[in-house]
>>> print(open('model.cif').read())   # mmCIF, C-alpha atoms, pLDDT in the B column; chains and numbers go by the auth columns
data_my_file
loop_
_atom_site.group_PDB
_atom_site.id
_atom_site.type_symbol
_atom_site.label_atom_id
_atom_site.label_comp_id
_atom_site.label_asym_id
_atom_site.label_seq_id
_atom_site.Cartn_x
_atom_site.Cartn_y
_atom_site.Cartn_z
_atom_site.B_iso_or_equiv
_atom_site.auth_seq_id
_atom_site.auth_asym_id
ATOM 1 C CA MET A 1 0.398 6.833 -18.104 96.00 1 A
ATOM 2 C CA ARG A 2 1.656 10.253 -17.008 98.00 2 A
ATOM 3 C CA ILE A 3 0.603 11.041 -13.428 98.00 3 A
ATOM 4 C CA LEU A 4 0.651 14.416 -11.685 98.00 4 A
ATOM 5 C CA LEU A 5 0.903 14.307 -7.888 98.00 5 A
ATOM 6 C CA THR A 6 -0.139 17.129 -5.591 98.00 6 A
ATOM 7 C CA ASN A 7 -1.467 17.647 -2.068 98.00 7 A
ATOM 8 C CA ASP A 8 -2.428 20.279 0.495 97.00 8 A
ATOM 9 C CA ASP A 9 -0.039 19.219 3.278 97.00 9 A
ATOM 10 C CA GLY A 10 3.015 20.554 1.493 98.00 10 A
ATOM 11 C CA ILE A 11 5.991 19.393 -0.544 98.00 11 A
ATOM 12 C CA ASN A 12 7.701 17.768 2.476 98.00 12 A
ATOM 13 C CA ALA A 13 4.633 15.976 3.839 98.00 13 A
ATOM 14 C CA PRO A 14 5.032 12.228 4.501 98.00 14 A
ATOM 15 C CA GLY A 15 1.748 11.566 2.704 98.00 15 A
ATOM 16 C CA LEU A 16 3.228 12.848 -0.556 98.00 16 A
ATOM 17 C CA SER A 17 6.004 10.286 -0.284 98.00 17 A
ATOM 18 C CA VAL A 18 3.352 7.599 0.278 98.00 18 A
ATOM 19 C CA LEU A 19 1.456 8.849 -2.765 98.00 19 A
ATOM 20 C CA GLU A 20 4.610 8.642 -4.861 98.00 20 A
ATOM 21 C CA ASP A 21 5.055 5.009 -3.810 98.00 21 A
ATOM 22 C CA ILE A 22 1.450 4.299 -4.832 98.00 22 A
ATOM 23 C CA ALA A 23 1.906 6.058 -8.182 98.00 23 A
ATOM 24 C CA LYS A 24 5.077 4.090 -8.928 98.00 24 A
ATOM 25 C CA GLU A 25 3.013 0.902 -8.838 98.00 25 A
ATOM 26 C CA LEU A 26 0.924 2.344 -11.673 98.00 26 A
ATOM 27 C CA SER A 27 3.473 4.187 -13.839 98.00 27 A
ATOM 28 C CA ASP A 28 7.093 5.301 -14.140 97.00 28 A
ATOM 29 C CA ASP A 29 6.181 8.770 -15.468 98.00 29 A
ATOM 30 C CA ILE A 30 5.560 10.697 -12.241 98.00 30 A
ATOM 31 C CA TRP A 31 5.435 14.495 -11.871 98.00 31 A
ATOM 32 C CA ILE A 32 4.982 16.493 -8.660 98.00 32 A
ATOM 33 C CA ALA A 33 3.646 20.012 -8.026 98.00 33 A
ATOM 34 C CA ALA A 34 2.876 20.586 -4.347 98.00 34 A
ATOM 35 C CA PRO A 35 2.551 23.617 -2.059 98.00 35 A
ATOM 36 C CA GLU A 36 5.695 25.039 -0.488 97.00 36 A
ATOM 37 C CA GLU A 37 3.846 25.156 2.843 95.00 37 A
ATOM 38 C CA GLU A 38 0.790 23.418 4.281 92.00 38 A
ATOM 39 C CA GLN A 39 -2.498 24.571 2.735 91.00 39 A
ATOM 40 C CA SER A 40 -5.004 22.433 4.648 88.00 40 A
ATOM 41 C CA GLY A 41 -8.549 23.773 4.705 82.00 41 A
ATOM 42 C CA LYS A 42 -7.947 26.202 1.830 84.00 42 A
ATOM 43 C CA GLY A 43 -10.644 24.543 -0.278 87.00 43 A
ATOM 44 C CA ARG A 44 -10.791 25.621 -3.913 91.00 44 A
ATOM 45 C CA ALA A 45 -8.909 28.889 -3.366 91.00 45 A
ATOM 46 C CA ILE A 46 -6.696 30.207 -6.154 93.00 46 A
ATOM 47 C CA SER A 47 -4.210 33.069 -5.852 93.00 47 A
ATOM 48 C CA LEU A 48 -5.687 36.037 -7.701 91.00 48 A
ATOM 49 C CA THR A 49 -4.200 38.954 -5.743 94.00 49 A
ATOM 50 C CA GLN A 50 -0.529 37.989 -5.496 94.00 50 A
ATOM 51 C CA PRO A 51 2.140 36.338 -7.663 96.00 51 A
ATOM 52 C CA VAL A 52 2.794 32.626 -7.301 97.00 52 A
ATOM 53 C CA ARG A 53 6.434 31.559 -7.126 97.00 53 A
ATOM 54 C CA THR A 54 7.831 28.128 -7.964 98.00 54 A
ATOM 55 C CA ARG A 55 10.943 26.287 -6.801 98.00 55 A
ATOM 56 C CA LYS A 56 12.266 23.265 -8.658 98.00 56 A
ATOM 57 C CA VAL A 57 13.099 20.469 -6.228 98.00 57 A
ATOM 58 C CA GLY A 58 13.664 17.608 -8.700 97.00 58 A
ATOM 59 C CA ALA A 59 13.766 16.757 -12.376 97.00 59 A
ATOM 60 C CA LYS A 60 9.974 16.487 -12.428 98.00 60 A
ATOM 61 C CA ALA A 61 9.044 18.167 -9.146 98.00 61 A
ATOM 62 C CA TRP A 62 8.233 21.699 -7.988 98.00 62 A
ATOM 63 C CA ALA A 63 7.362 23.370 -4.697 98.00 63 A
ATOM 64 C CA ILE A 64 4.820 26.127 -5.312 98.00 64 A
ATOM 65 C CA ALA A 65 4.091 29.066 -3.035 97.00 65 A
ATOM 66 C CA GLY A 66 0.354 28.825 -3.565 97.00 66 A
ATOM 67 C CA THR A 67 -2.748 26.762 -3.024 97.00 67 A
ATOM 68 C CA PRO A 68 -3.374 23.170 -4.157 97.00 68 A
ATOM 69 C CA SER A 69 -5.451 24.481 -7.080 97.00 69 A
ATOM 70 C CA ASP A 70 -2.581 26.816 -8.029 97.00 70 A
ATOM 71 C CA CYS A 71 -0.287 23.794 -8.120 98.00 71 A
ATOM 72 C CA VAL A 72 -2.474 21.874 -10.557 98.00 72 A
ATOM 73 C CA LEU A 73 -3.028 24.920 -12.752 97.00 73 A
ATOM 74 C CA LEU A 74 0.664 25.843 -12.999 98.00 74 A
ATOM 75 C CA ALA A 75 1.759 22.260 -13.551 98.00 75 A
ATOM 76 C CA MET A 76 -0.662 21.707 -16.405 97.00 76 A
ATOM 77 C CA GLN A 77 -0.365 25.095 -18.081 96.00 77 A
ATOM 78 C CA ASP A 78 3.343 25.784 -17.712 97.00 78 A
ATOM 79 C CA LEU A 79 5.559 23.332 -15.842 98.00 79 A
ATOM 80 C CA MET A 80 4.755 20.044 -17.577 97.00 80 A
ATOM 81 C CA PRO A 81 5.543 19.549 -21.282 95.00 81 A
ATOM 82 C CA ASP A 82 2.269 17.697 -21.847 96.00 82 A
ATOM 83 C CA ALA A 83 -0.933 17.243 -19.851 96.00 83 A
ATOM 84 C CA PRO A 84 -1.080 14.322 -17.410 98.00 84 A
ATOM 85 C CA ASP A 85 -3.381 11.359 -17.895 98.00 85 A
ATOM 86 C CA LEU A 86 -4.250 11.281 -14.201 98.00 86 A
ATOM 87 C CA VAL A 87 -4.081 13.646 -11.206 98.00 87 A
ATOM 88 C CA LEU A 88 -3.596 12.134 -7.744 98.00 88 A
ATOM 89 C CA SER A 89 -3.978 14.415 -4.720 98.00 89 A
ATOM 90 C CA GLY A 90 -2.818 13.378 -1.244 95.00 90 A
ATOM 91 C CA VAL A 91 -2.256 11.256 0.639 98.00 91 A
ATOM 92 C CA ASN A 92 -3.806 13.659 3.125 98.00 92 A
ATOM 93 C CA ARG A 93 -2.902 13.521 6.807 97.00 93 A
ATOM 94 C CA GLY A 94 -6.384 12.831 8.135 95.00 94 A
ATOM 95 C CA GLN A 95 -9.689 11.783 6.627 95.00 95 A
ATOM 96 C CA ASN A 96 -11.647 13.852 4.102 96.00 96 A
ATOM 97 C CA ILE A 97 -15.177 12.557 4.526 95.00 97 A
ATOM 98 C CA ALA A 98 -18.684 13.988 4.992 92.00 98 A
ATOM 99 C CA GLU A 99 -18.768 17.798 5.070 89.00 99 A
ATOM 100 C CA ASP A 100 -14.942 17.914 5.214 88.00 100 A
ATOM 101 C CA THR A 101 -15.023 17.477 1.456 92.00 101 A
ATOM 102 C CA SER A 102 -16.359 21.012 0.907 91.00 102 A
ATOM 103 C CA PHE A 103 -13.256 22.770 2.269 89.00 103 A
ATOM 104 C CA SER A 104 -10.556 20.161 1.774 95.00 104 A
ATOM 105 C CA GLY A 105 -7.567 21.372 -0.219 96.00 105 A
ATOM 106 C CA THR A 106 -6.818 17.754 -1.114 97.00 106 A
ATOM 107 C CA ILE A 107 -10.180 17.334 -2.818 97.00 107 A
ATOM 108 C CA ALA A 108 -10.000 20.852 -4.275 97.00 108 A
ATOM 109 C CA ALA A 109 -6.821 19.955 -6.158 98.00 109 A
ATOM 110 C CA ALA A 110 -8.542 16.915 -7.636 98.00 110 A
ATOM 111 C CA MET A 111 -11.566 19.053 -8.494 97.00 111 A
ATOM 112 C CA PHE A 112 -9.313 21.459 -10.361 97.00 112 A
ATOM 113 C CA GLY A 113 -7.751 18.596 -12.285 98.00 113 A
ATOM 114 C CA MET A 114 -11.242 17.439 -13.263 97.00 114 A
ATOM 115 C CA GLN A 115 -12.148 21.012 -14.259 96.00 115 A
ATOM 116 C CA LEU A 116 -9.157 21.010 -16.620 97.00 116 A
ATOM 117 C CA GLY A 117 -10.328 17.770 -18.203 97.00 117 A
ATOM 118 C CA ILE A 118 -8.087 15.244 -16.410 98.00 118 A
ATOM 119 C CA PRO A 119 -9.388 12.230 -14.438 98.00 119 A
ATOM 120 C CA SER A 120 -8.562 12.994 -10.808 98.00 120 A
ATOM 121 C CA ILE A 121 -8.538 11.165 -7.486 98.00 121 A
ATOM 122 C CA ALA A 122 -8.165 12.474 -3.926 98.00 122 A
ATOM 123 C CA LEU A 123 -6.656 10.147 -1.312 98.00 123 A
ATOM 124 C CA SER A 124 -6.685 10.559 2.475 98.00 124 A
ATOM 125 C CA GLN A 125 -5.493 8.505 5.438 98.00 125 A
ATOM 126 C CA ALA A 126 -7.812 8.562 8.455 97.00 126 A
ATOM 127 C CA GLN A 127 -6.174 9.208 11.793 95.00 127 A
ATOM 128 C CA SER A 128 -6.833 9.159 15.555 90.00 128 A
ATOM 129 C CA PHE A 129 -9.814 6.794 15.453 90.00 129 A
ATOM 130 C CA ARG A 130 -8.087 4.057 17.451 91.00 130 A
ATOM 131 C CA GLU A 131 -6.224 6.440 19.740 90.00 131 A
ATOM 132 C CA ARG A 132 -4.947 9.972 19.716 87.00 132 A
ATOM 133 C CA GLY A 133 -2.154 10.280 17.158 91.00 133 A
ATOM 134 C CA SER A 134 -2.707 6.955 15.368 95.00 134 A
ATOM 135 C CA LEU A 135 -1.837 7.439 11.700 97.00 135 A
ATOM 136 C CA PRO A 136 -1.051 4.224 9.769 98.00 136 A
ATOM 137 C CA TRP A 137 0.633 5.429 6.565 98.00 137 A
ATOM 138 C CA GLU A 138 1.383 1.805 5.671 98.00 138 A
ATOM 139 C CA THR A 139 -2.349 1.245 5.201 98.00 139 A
ATOM 140 C CA ALA A 140 -2.553 3.831 2.425 98.00 140 A
ATOM 141 C CA ARG A 141 0.652 2.461 0.915 98.00 141 A
ATOM 142 C CA ALA A 142 -0.597 -1.138 0.992 98.00 142 A
ATOM 143 C CA TRP A 143 -4.149 -0.457 -0.208 98.00 143 A
ATOM 144 C CA GLY A 144 -3.522 2.455 -2.577 98.00 144 A
ATOM 145 C CA ALA A 145 -2.724 0.799 -5.888 98.00 145 A
ATOM 146 C CA LYS A 146 -5.159 -2.085 -5.352 98.00 146 A
ATOM 147 C CA THR A 147 -7.929 0.505 -4.853 98.00 147 A
ATOM 148 C CA LEU A 148 -6.935 2.657 -7.827 98.00 148 A
ATOM 149 C CA ARG A 149 -6.374 -0.041 -10.450 98.00 149 A
ATOM 150 C CA PRO A 150 -10.057 -1.065 -10.829 98.00 150 A
ATOM 151 C CA LEU A 151 -11.071 2.612 -10.938 98.00 151 A
ATOM 152 C CA ILE A 152 -8.561 3.428 -13.648 98.00 152 A
ATOM 153 C CA LYS A 153 -9.532 0.345 -15.639 97.00 153 A
ATOM 154 C CA GLN A 154 -13.251 1.146 -15.495 97.00 154 A
ATOM 155 C CA GLY A 155 -13.020 4.932 -15.775 97.00 155 A
ATOM 156 C CA TRP A 156 -15.606 7.440 -14.554 98.00 156 A
ATOM 157 C CA PRO A 157 -17.622 10.401 -15.912 97.00 157 A
ATOM 158 C CA SER A 158 -15.675 13.532 -16.811 97.00 158 A
ATOM 159 C CA ASP A 159 -17.543 15.614 -14.205 96.00 159 A
ATOM 160 C CA VAL A 160 -16.752 13.252 -11.317 97.00 160 A
ATOM 161 C CA VAL A 161 -13.872 13.243 -8.829 98.00 161 A
ATOM 162 C CA ILE A 162 -13.077 10.059 -6.937 98.00 162 A
ATOM 163 C CA ASN A 163 -12.576 10.468 -3.190 98.00 163 A
ATOM 164 C CA VAL A 164 -10.656 7.634 -1.501 98.00 164 A
ATOM 165 C CA ASN A 165 -10.236 7.379 2.276 98.00 165 A
ATOM 166 C CA PHE A 166 -8.180 4.716 4.049 98.00 166 A
ATOM 167 C CA PRO A 167 -9.290 3.683 7.564 98.00 167 A
ATOM 168 C CA ASP A 168 -7.266 4.025 10.751 98.00 168 A
ATOM 169 C CA ARG A 169 -6.354 0.355 10.865 97.00 169 A
ATOM 170 C CA GLU A 170 -3.212 -1.599 10.173 98.00 170 A
ATOM 171 C CA PRO A 171 -3.098 -2.926 6.584 98.00 171 A
ATOM 172 C CA GLU A 172 -3.919 -6.495 7.552 98.00 172 A
ATOM 173 C CA ASP A 173 -6.914 -5.353 9.623 98.00 173 A
ATOM 174 C CA VAL A 174 -8.686 -3.421 6.851 98.00 174 A
ATOM 175 C CA ALA A 175 -12.139 -4.958 6.276 98.00 175 A
ATOM 176 C CA GLY A 176 -12.163 -4.348 2.504 98.00 176 A
ATOM 177 C CA ILE A 177 -13.278 -1.671 0.054 98.00 177 A
ATOM 178 C CA GLN A 178 -16.745 -0.097 -0.010 98.00 178 A
ATOM 179 C CA ILE A 179 -18.324 2.167 -2.622 98.00 179 A
ATOM 180 C CA THR A 180 -19.974 4.947 -0.621 98.00 180 A
ATOM 181 C CA ARG A 181 -21.798 8.244 -0.795 96.00 181 A
ATOM 182 C CA GLN A 182 -20.824 11.397 1.042 94.00 182 A
ATOM 183 C CA GLY A 183 -22.165 11.397 4.583 92.00 183 A
ATOM 184 C CA PHE A 184 -23.033 14.234 6.930 83.00 184 A
ATOM 185 C CA ARG A 185 -22.250 14.348 10.638 75.00 185 A
ATOM 186 C CA ASP A 186 -25.103 14.817 13.096 60.00 186 A
ATOM 187 C CA GLU A 187 -22.999 17.343 15.027 58.00 187 A
ATOM 188 C CA SER A 188 -20.314 19.767 13.877 62.00 188 A
ATOM 189 C CA ILE A 189 -16.817 18.786 15.033 59.00 189 A
ATOM 190 C CA ILE A 190 -15.147 22.121 14.226 69.00 190 A
ATOM 191 C CA HIS A 191 -14.615 24.358 17.226 72.00 191 A
ATOM 192 C CA THR A 192 -12.737 27.459 18.332 84.00 192 A
ATOM 193 C CA ASP A 193 -10.362 27.714 21.278 87.00 193 A
ATOM 194 C CA ARG A 194 -9.937 31.261 22.629 90.00 194 A
ATOM 195 C CA ARG A 195 -6.637 32.121 24.299 91.00 195 A
ATOM 196 C CA GLU A 196 -4.915 35.239 25.553 91.00 196 A
ATOM 197 C CA ASP A 197 -1.483 36.501 24.551 93.00 197 A
ATOM 198 C CA LEU A 198 1.023 38.148 26.910 93.00 198 A
ATOM 199 C CA ARG A 199 -0.424 41.596 26.183 92.00 199 A
ATOM 200 C CA GLY A 200 -3.930 40.584 27.163 93.00 200 A
ATOM 201 C CA ASN A 201 -5.292 40.291 23.638 93.00 201 A
ATOM 202 C CA ASP A 202 -7.505 37.402 22.568 92.00 202 A
ATOM 203 C CA TYR A 203 -6.477 35.037 19.789 90.00 203 A
ATOM 204 C CA TYR A 204 -8.037 31.807 18.537 89.00 204 A
ATOM 205 C CA TRP A 205 -7.145 28.347 17.350 86.00 205 A
ATOM 206 C CA ILE A 206 -9.641 26.656 15.038 81.00 206 A
ATOM 207 C CA GLY A 207 -9.615 22.873 15.069 76.00 207 A
ATOM 208 C CA TYR A 208 -11.523 19.614 15.376 67.00 208 A
ATOM 209 C CA LYS A 209 -13.116 17.765 18.240 68.00 209 A
ATOM 210 C CA GLY A 210 -12.749 13.999 18.172 64.00 210 A
ATOM 211 C CA LYS A 211 -16.464 13.271 18.495 63.00 211 A
ATOM 212 C CA LEU A 212 -17.946 10.391 16.502 71.00 212 A
ATOM 213 C CA SER A 213 -21.375 10.699 14.897 74.00 213 A
ATOM 214 C CA LYS A 214 -23.937 8.004 14.077 80.00 214 A
ATOM 215 C CA PRO A 215 -23.703 7.726 10.294 82.00 215 A
ATOM 216 C CA ASP A 216 -26.021 5.834 7.982 85.00 216 A
ATOM 217 C CA ALA A 217 -24.961 2.662 6.223 93.00 217 A
ATOM 218 C CA GLY A 218 -23.487 3.293 2.797 96.00 218 A
ATOM 219 C CA THR A 219 -21.819 6.574 3.746 96.00 219 A
ATOM 220 C CA ASP A 220 -18.107 7.366 3.757 97.00 220 A
ATOM 221 C CA LEU A 221 -18.346 7.989 7.515 95.00 221 A
ATOM 222 C CA ARG A 222 -19.800 4.557 8.212 96.00 222 A
ATOM 223 C CA ALA A 223 -17.204 2.833 6.042 97.00 223 A
ATOM 224 C CA ILE A 224 -14.280 4.512 7.805 96.00 224 A
ATOM 225 C CA TYR A 225 -15.787 3.814 11.237 95.00 225 A
ATOM 226 C CA ASP A 226 -16.138 0.147 10.281 96.00 226 A
ATOM 227 C CA GLY A 227 -12.588 -0.169 8.953 97.00 227 A
ATOM 228 C CA TYR A 228 -13.218 -0.147 5.203 98.00 228 A
ATOM 229 C CA VAL A 229 -11.492 1.803 2.455 98.00 229 A
ATOM 230 C CA SER A 230 -14.132 4.285 1.271 98.00 230 A
ATOM 231 C CA VAL A 231 -14.470 5.141 -2.437 98.00 231 A
ATOM 232 C CA SER A 232 -16.928 7.978 -3.176 98.00 232 A
ATOM 233 C CA PRO A 233 -17.748 9.627 -6.519 98.00 233 A
ATOM 234 C CA LEU A 234 -18.099 13.393 -6.007 97.00 234 A
ATOM 235 C CA HIS A 235 -18.968 16.258 -8.313 94.00 235 A
ATOM 236 C CA VAL A 236 -19.017 20.049 -8.249 92.00 236 A
ATOM 237 C CA ASP A 237 -22.750 20.532 -8.878 92.00 237 A
ATOM 238 C CA LEU A 238 -24.150 21.601 -5.496 89.00 238 A
ATOM 239 C CA THR A 239 -27.749 21.889 -6.650 94.00 239 A
ATOM 240 C CA HIS A 240 -30.294 20.244 -4.330 93.00 240 A
ATOM 241 C CA GLU A 241 -32.429 18.631 -7.021 94.00 241 A
ATOM 242 C CA ALA A 242 -35.372 17.624 -4.810 94.00 242 A
ATOM 243 C CA TYR A 243 -35.865 21.120 -3.403 96.00 243 A
ATOM 244 C CA LEU A 244 -35.198 22.698 -6.796 96.00 244 A
ATOM 245 C CA LYS A 245 -38.200 20.777 -8.133 95.00 245 A
ATOM 246 C CA GLU A 246 -40.336 21.758 -5.127 96.00 246 A
ATOM 247 C CA LEU A 247 -39.282 25.414 -5.349 96.00 247 A
ATOM 248 C CA ARG A 248 -40.173 25.605 -9.047 96.00 248 A
ATOM 249 C CA GLU A 249 -43.556 24.070 -8.359 95.00 249 A
ATOM 250 C CA THR A 250 -44.421 26.314 -5.391 96.00 250 A
ATOM 251 C CA TRP A 251 -42.903 29.637 -6.479 96.00 251 A
ATOM 252 C CA PRO A 252 -45.587 32.337 -6.887 93.00 252 A
ATOM 253 C CA SER A 253 -46.420 32.951 -10.529 82.00 253 A
#
>>> encode(input="model.cif", output="structure tokens")
Amino acid sequence: MRILLTNDDGINAPGLSVLEDIAKELSDDIWIAAPEEEQSGKGRAISLTQPVRTRKVGAKAWAIAGTPSDCVLLAMQDLMPDAPDLVLSGVNRGQNIAEDTSFSGTIAAAMFGMQLGIPSIALSQAQSFRERGSLPWETARAWGAKTLRPLIKQGWPSDVVINVNFPDREPEDVAGIQITRQGFRDESIIHTDRREDLRGNDYYWIGYKGKLSKPDAGTDLRAIYDGYVSVSPLHVDLTHEAYLKELRETWPS
């Protein structure tokens, strides 16, 4: 099995090294195409208004001055001799659950792999749930292959991306694996922090507040809160089917 690895944290991110360790448990044919610099929060962006440069950093590895989607596109259309059998994106520094999934570069890379016809999985390691700064990479490393093997064996629909999140617990404290749906927080955790530079001009940092919500059972949020590995099938179709039906029925003729 030929596996393409990518991420949104950049070519030198520790999570990419963890992902490579996971991939080596599944195959010895590993290729890497990752951003030259961190691209977190870039979503499904592709570079349409500027050239994208590549830098070879290994026999089967490139750093790419572009977005996660750029990386997958260039790898599959130019850099690799043949298409991969699987795309793995991550392991992201921090969870990608609930509404995070809509702007995550990690998930976007997997989405682009799916769009190009390749089974794709996004992987993320939750952080800072136990305490500020907690980030147990060994949990992703220990639980990665054992989570992926059943998925690969069973397979999934061609229009689905698998989203895997590892909880902020030590490997031996993980409660197990749960199959979940995407949740939604009851309060937005994104906020802006206004500051002033030395010339008196305002500038802003955009970031996250560490507030927990009260998620329903069966959601990715609940699973991560409870210490489980969360496995969610996602797809690109954003249509709200229930309201679509209602809107068609109530629209003036």
>>> atom_distance(input="model.cif", atom1="atom CA of His191 of chain A", atom2="atom CA of Phe129 of chain A")
18.3 Å
>>> closest_residue(input="model.cif", among="A:Ser128, A:Asn201, A:Thr180, A:Thr147", to="Thr219 of chain A", atoms="all atoms listed in the file")
A:Thr180
>>> atom_distance(input="model.cif", atom1="atom CA of Ala33 of chain A", atom2="atom CA of Asn163 of chain A")
19.4 Å
>>> closest_residue(input="model.cif", among="A:Glu37, A:Asp29, A:Asp8, A:Asp85", to="Ala61 of chain A", atoms="all atoms listed in the file")
A:Asp29
>>> residues_near_point(input="model.cif", point="(-5.3, 9.9, -4.8)", cutoff="6 Å", atoms="only C-alpha atoms", output="VMD selection string")
chain A and resid 88 to 90 121 to 123
>>> resolve_selection(input="model.cif", expression="the PyMOL selection byres ((chain A and resi 175) around 6)", output="PyMOL selection string")
chain A and resi 174+176+227-228
>>> write_last_selection(input="model.cif", atoms="C-alpha atoms", output="CSV table (one decimal), keeping the file's coordinate frame")
chain,number,residue,atom,x,y,z
A,174,VAL,CA,-8.7,-3.4,6.9
A,176,GLY,CA,-12.2,-4.3,2.5
A,227,GLY,CA,-12.6,-0.2,9.0
A,228,TYR,CA,-13.2,-0.1,5.2
>>> residues_around(input="model.cif", residues="Cys71 of chain A", least_positions_apart="6", cutoff="12 Å", atoms="all atoms listed in the file", output="PyMOL selection string")
chain A and resi 4-8+10-11+31-37+39+44-47+52-55+61-65+77-80+87+89+105-106+108-110+112-113
>>> residues_around(input="model.cif", residues="Asp168 of chain A", least_positions_apart="4", cutoff="9 Å", atoms="all atoms listed in the file", output="PyMOL selection string")
chain A and resi 125-130+134-136+139+174+224-225+227
>>> resolve_selection(input="model.cif", expression="the PyMOL selection byres ((chain A and resi 86) around 6)", output="PyMOL selection string")
chain A and resi 3+84-85+87+118-120
>>> residues_around(input="model.cif", residues="Ser230 of chain A", least_positions_apart="6", cutoff="6 Å", atoms="only C-alpha atoms", output="JSON, numbers by chain")
{"A": [164, 165, 178, 220, 223]}
>>> resolve_selection(input="model.cif", expression="the PyMOL selection byres ((chain A and resi 142) around 12)", output="list of chain:residue names")
A:Val18, A:Leu19, A:Asp21, A:Ile22, A:Ala23, A:Glu25, A:Gln125, A:Pro136, A:Trp137, A:Glu138, A:Thr139, A:Ala140, A:Arg141, A:Trp143, A:Gly144, A:Ala145, A:Lys146, A:Thr147, A:Leu148, A:Phe166, A:Pro167, A:Arg169, A:Glu170, A:Pro171, A:Glu172, A:Asp173, A:Val174, A:Val229
>>> closest_residue(input="model.cif", among="A:Lys42, A:His240, A:Arg185, A:Lys245", to="Ile107 of chain A", atoms="all atoms listed in the file")
A:Lys42
